[in-house]
Amino acid sequence: MFSVVIPIKKREFQLETIEINSKSLLDKKLENLLQIDMVDEIILASDNEDLTRYADSKIKFLLRDIKHIDNICYLADNILNIASCEHIAWMPSTTPFIDQKIISDIFKKYLSLNFDIYDSLITCKILQGFILDDNGPINFYTGKKELNSRTLSKLYQIIGGCFIAPKSTIKKYHFQWGAVPYKYIIDKKHSLDIKDKEDFEIYNIIGKDFLI
């Protein structure tokens, strides 16, 4: 039913494969996915050839071209050529608290979508606070008006937990999701998205019990 893509870029600090309690972020993500019946195949897409060791009957390895490593459109087009399922889920291993139960719920929600309205699904968390950009306030006004965070308009931050779209949408936009994605909300306690060494150090402190 679903082809799941796990994209990984090679880097000096390969946080996806560093073990905590004998399991890495990638190990745990694969473990969760392999227990979900809706996952028909997993495509590990990386320029790190060391990760070919994960390949087996259910896990394909796609060697990414280093010249196009930052080009998501190029990767999306390549995935279309090898994915066997109609629906493709992109699921980095760097959101460790999005576990098997949440992934299954995301898949079920996607399958229940009205595709006359939505063309894909993305995971987000709600930003409920006073937010600025370089030009000033985005979701509030300064001055005499009373400031109350509970009355602020909602903003959404994309979490790299899961993006799903049918092949037709990926082919149309050359991207992981389409023009009208459904926003699946991830609560704060599950929304850690590890981007760098500093994030990983935080995870190393709070996530040890998770990887038992």
# chains A, B, ... in the order shown; residues from 1 in each chain; ligands from 1
call {"tool": "residues_around", "arguments": {"residues": "segment 2-13 of chain A", "least_positions_apart": "3", "cutoff": "6 Å", "atoms": "only C-alpha atoms", "output": "MDAnalysis selection string"}}
result
chainID A and resid 39:48 85 87:92
call {"tool": "residues_around", "arguments": {"residues": "Ile185 of chain A", "least_positions_apart": "2", "cutoff": "8 Å", "atoms": "only C-alpha atoms", "output": "mmCIF file with C-alpha atoms, in the first residue's frame"}}
result
data_model
loop_
_atom_site.group_PDB
_atom_site.id
_atom_site.type_symbol
_atom_site.label_atom_id
_atom_site.label_comp_id
_atom_site.auth_asym_id
_atom_site.auth_seq_id
_atom_site.Cartn_x
_atom_site.Cartn_y
_atom_site.Cartn_z
ATOM 1 C CA THR A 123 3.074 16.699 9.507
ATOM 2 C CA CYS A 124 3.134 19.973 11.442
ATOM 3 C CA LYS A 125 3.099 21.405 14.919
ATOM 4 C CA ILE A 126 1.159 24.491 15.937
ATOM 5 C CA LYS A 183 -1.944 19.289 8.000
ATOM 6 C CA ASP A 187 1.787 17.346 19.597
#
call {"tool": "select_by_dssp", "arguments": {"residues": "segment 160-196 of chain A", "states": "strand (DSSP E)", "output": "PyMOL selection string"}}
result
chain A and resi 160-166+181-185
call {"tool": "residues_around", "arguments": {"residues": "Tyr118 of chain A", "least_positions_apart": "3", "cutoff": "8 Å", "atoms": "only C-alpha atoms", "output": "list in words"}}
result
Leu113, Asn114, Phe115, Leu121, Val180, Pro181 and Tyr182 of chain A
call {"tool": "write_last_selection", "arguments": {"atoms": "N, CA and C atoms", "output": "mmCIF file, in the first residue's frame"}}
result
data_model
loop_
_atom_site.group_PDB
_atom_site.id
_atom_site.type_symbol
_atom_site.label_atom_id
_atom_site.label_comp_id
_atom_site.auth_asym_id
_atom_site.auth_seq_id
_atom_site.Cartn_x
_atom_site.Cartn_y
_atom_site.Cartn_z
ATOM 1 N N LEU A 113 -8.669 10.745 3.619
ATOM 2 C CA LEU A 113 -8.791 12.108 3.132
ATOM 3 C C LEU A 113 -9.753 12.196 1.942
ATOM 4 N N ASN A 114 -10.392 13.329 1.837
ATOM 5 C CA ASN A 114 -11.187 13.646 0.657
ATOM 6 C C ASN A 114 -10.228 14.205 -0.395
ATOM 7 N N PHE A 115 -9.895 13.402 -1.396
ATOM 8 C CA PHE A 115 -8.903 13.821 -2.381
ATOM 9 C C PHE A 115 -9.474 14.786 -3.417
ATOM 10 N N LEU A 121 -0.453 14.868 2.323
ATOM 11 C CA LEU A 121 -0.468 15.066 3.782
ATOM 12 C C LEU A 121 0.923 15.468 4.239
ATOM 13 N N VAL A 180 -2.124 21.363 -2.035
ATOM 14 C CA VAL A 180 -3.136 21.472 -0.979
ATOM 15 C C VAL A 180 -2.980 20.298 -0.005
ATOM 16 N N PRO A 181 -1.947 20.329 0.836
ATOM 17 C CA PRO A 181 -1.747 19.216 1.763
ATOM 18 C C PRO A 181 -2.625 19.326 3.008
ATOM 19 N N TYR A 182 -3.034 18.185 3.529
ATOM 20 C CA TYR A 182 -3.715 18.136 4.820
ATOM 21 C C TYR A 182 -2.647 18.256 5.909
#
call {"tool": "closest_residue", "arguments": {"among": "A:Gln128, A:Lys167, A:Glu16, A:Ile59", "to": "Ser153 of chain A", "atoms": "only C-alpha atoms"}}
result
A:Gln128
call {"tool": "atom_distance", "arguments": {"atom1": "atom CA of Glu31 of chain A", "atom2": "atom CA of Gln100 of chain A"}}
result
8.6 Å
call {"tool": "atom_distance", "arguments": {"atom1": "atom CA of Leu25 of chain A", "atom2": "atom CA of Cys162 of chain A"}}
result
15.0 Å
call {"tool": "atom_distance", "arguments": {"atom1": "atom CA of Trp177 of chain A", "atom2": "atom CA of Lys189 of chain A"}}
result
24.6 Å
call {"tool": "residues_around", "arguments": {"residues": "segment 138-140 of chain A", "least_positions_apart": "5", "cutoff": "7 Å", "atoms": "only C-alpha atoms", "output": "ChimeraX atom specification"}}
result
/A:130-133,152-153
call {"tool": "closest_atom_pairs", "arguments": {"of": "segment 18-132 of chain A", "to": "segment 169-172 of chain A", "cutoff": "10 Å", "atoms": "only C-alpha atoms", "output": "CSV"}}
result
residue,atom,partner,partner_atom,distance
A:Cys73,CA,A:Ile170,CA,9.1
A:Ala76,CA,A:Ile170,CA,6.9
A:Asp77,CA,A:Lys171,CA,7.0
A:Ile79,CA,A:Ile170,CA,9.5
A:Leu80,CA,A:Lys171,CA,7.5
A:His87,CA,A:Ile170,CA,9.6
A:Ile88,CA,A:Ile170,CA,8.6
A:Asp119,CA,A:Thr169,CA,6.8
A:Ser120,CA,A:Thr169,CA,7.6
call {"tool": "write_last_selection", "arguments": {"atoms": "C-alpha atoms", "output": "PDB file, in the first residue's frame"}}
result
ATOM      1  CA  CYS A  73      12.981  17.504  -7.173  1.00  0.00           C
ATOM      2  CA  ALA A  76      11.433  12.783  -6.118  1.00  0.00           C
ATOM      3  CA  ASP A  77      11.668  11.963  -9.821  1.00  0.00           C
ATOM      4  CA  ILE A  79      11.862   7.665  -6.415  1.00  0.00           C
ATOM      5  CA  LEU A  80       8.961   7.538  -8.878  1.00  0.00           C
ATOM      6  CA  HIS A  87       1.268   6.104  -2.387  1.00  0.00           C
ATOM      7  CA  ILE A  88       4.710   7.304  -1.313  1.00  0.00           C
ATOM      8  CA  ASP A 119      -3.732  16.123  -2.650  1.00  0.00           C
ATOM      9  CA  SER A 120      -1.257  15.072   0.038  1.00  0.00           C
TER      10      SER A 120
END
call {"tool": "select_by_dssp", "arguments": {"residues": "segment 1-207 of chain A", "states": "helix (DSSP H, G or I)", "output": "PyMOL selection string"}}
result
chain A and resi 15-17+25-34+49-54+66-68+72-82+100-111+149-151+167-173+188-190+197-206
call {"tool": "closest_residue", "arguments": {"among": "A:Asn32, A:Ser93, A:Asn81, A:Thr17", "to": "Ile194 of chain A", "atoms": "only C-alpha atoms"}}
result
A:Ser93
call {"tool": "closest_residue", "arguments": {"among": "A:Ile20, A:Ile102, A:Ile36, A:Leu51", "to": "Asn204 of chain A", "atoms": "only C-alpha atoms"}}
result
A:Ile20
call {"tool": "residues_around", "arguments": {"residues": "Lys197 of chain A", "least_positions_apart": "4", "cutoff": "10 Å", "atoms": "only C-alpha atoms", "output": "JSON, numbers by chain"}}
result
{"A": [13, 14, 15, 201, 202, 203]}
call {"tool": "residues_around", "arguments": {"residues": "His190 of chain A", "least_positions_apart": "2", "cutoff": "6 Å", "atoms": "only C-alpha atoms", "output": "list in words"}}
result
Phe97, Ile98, Asp187, Lys188 and Leu192 of chain A
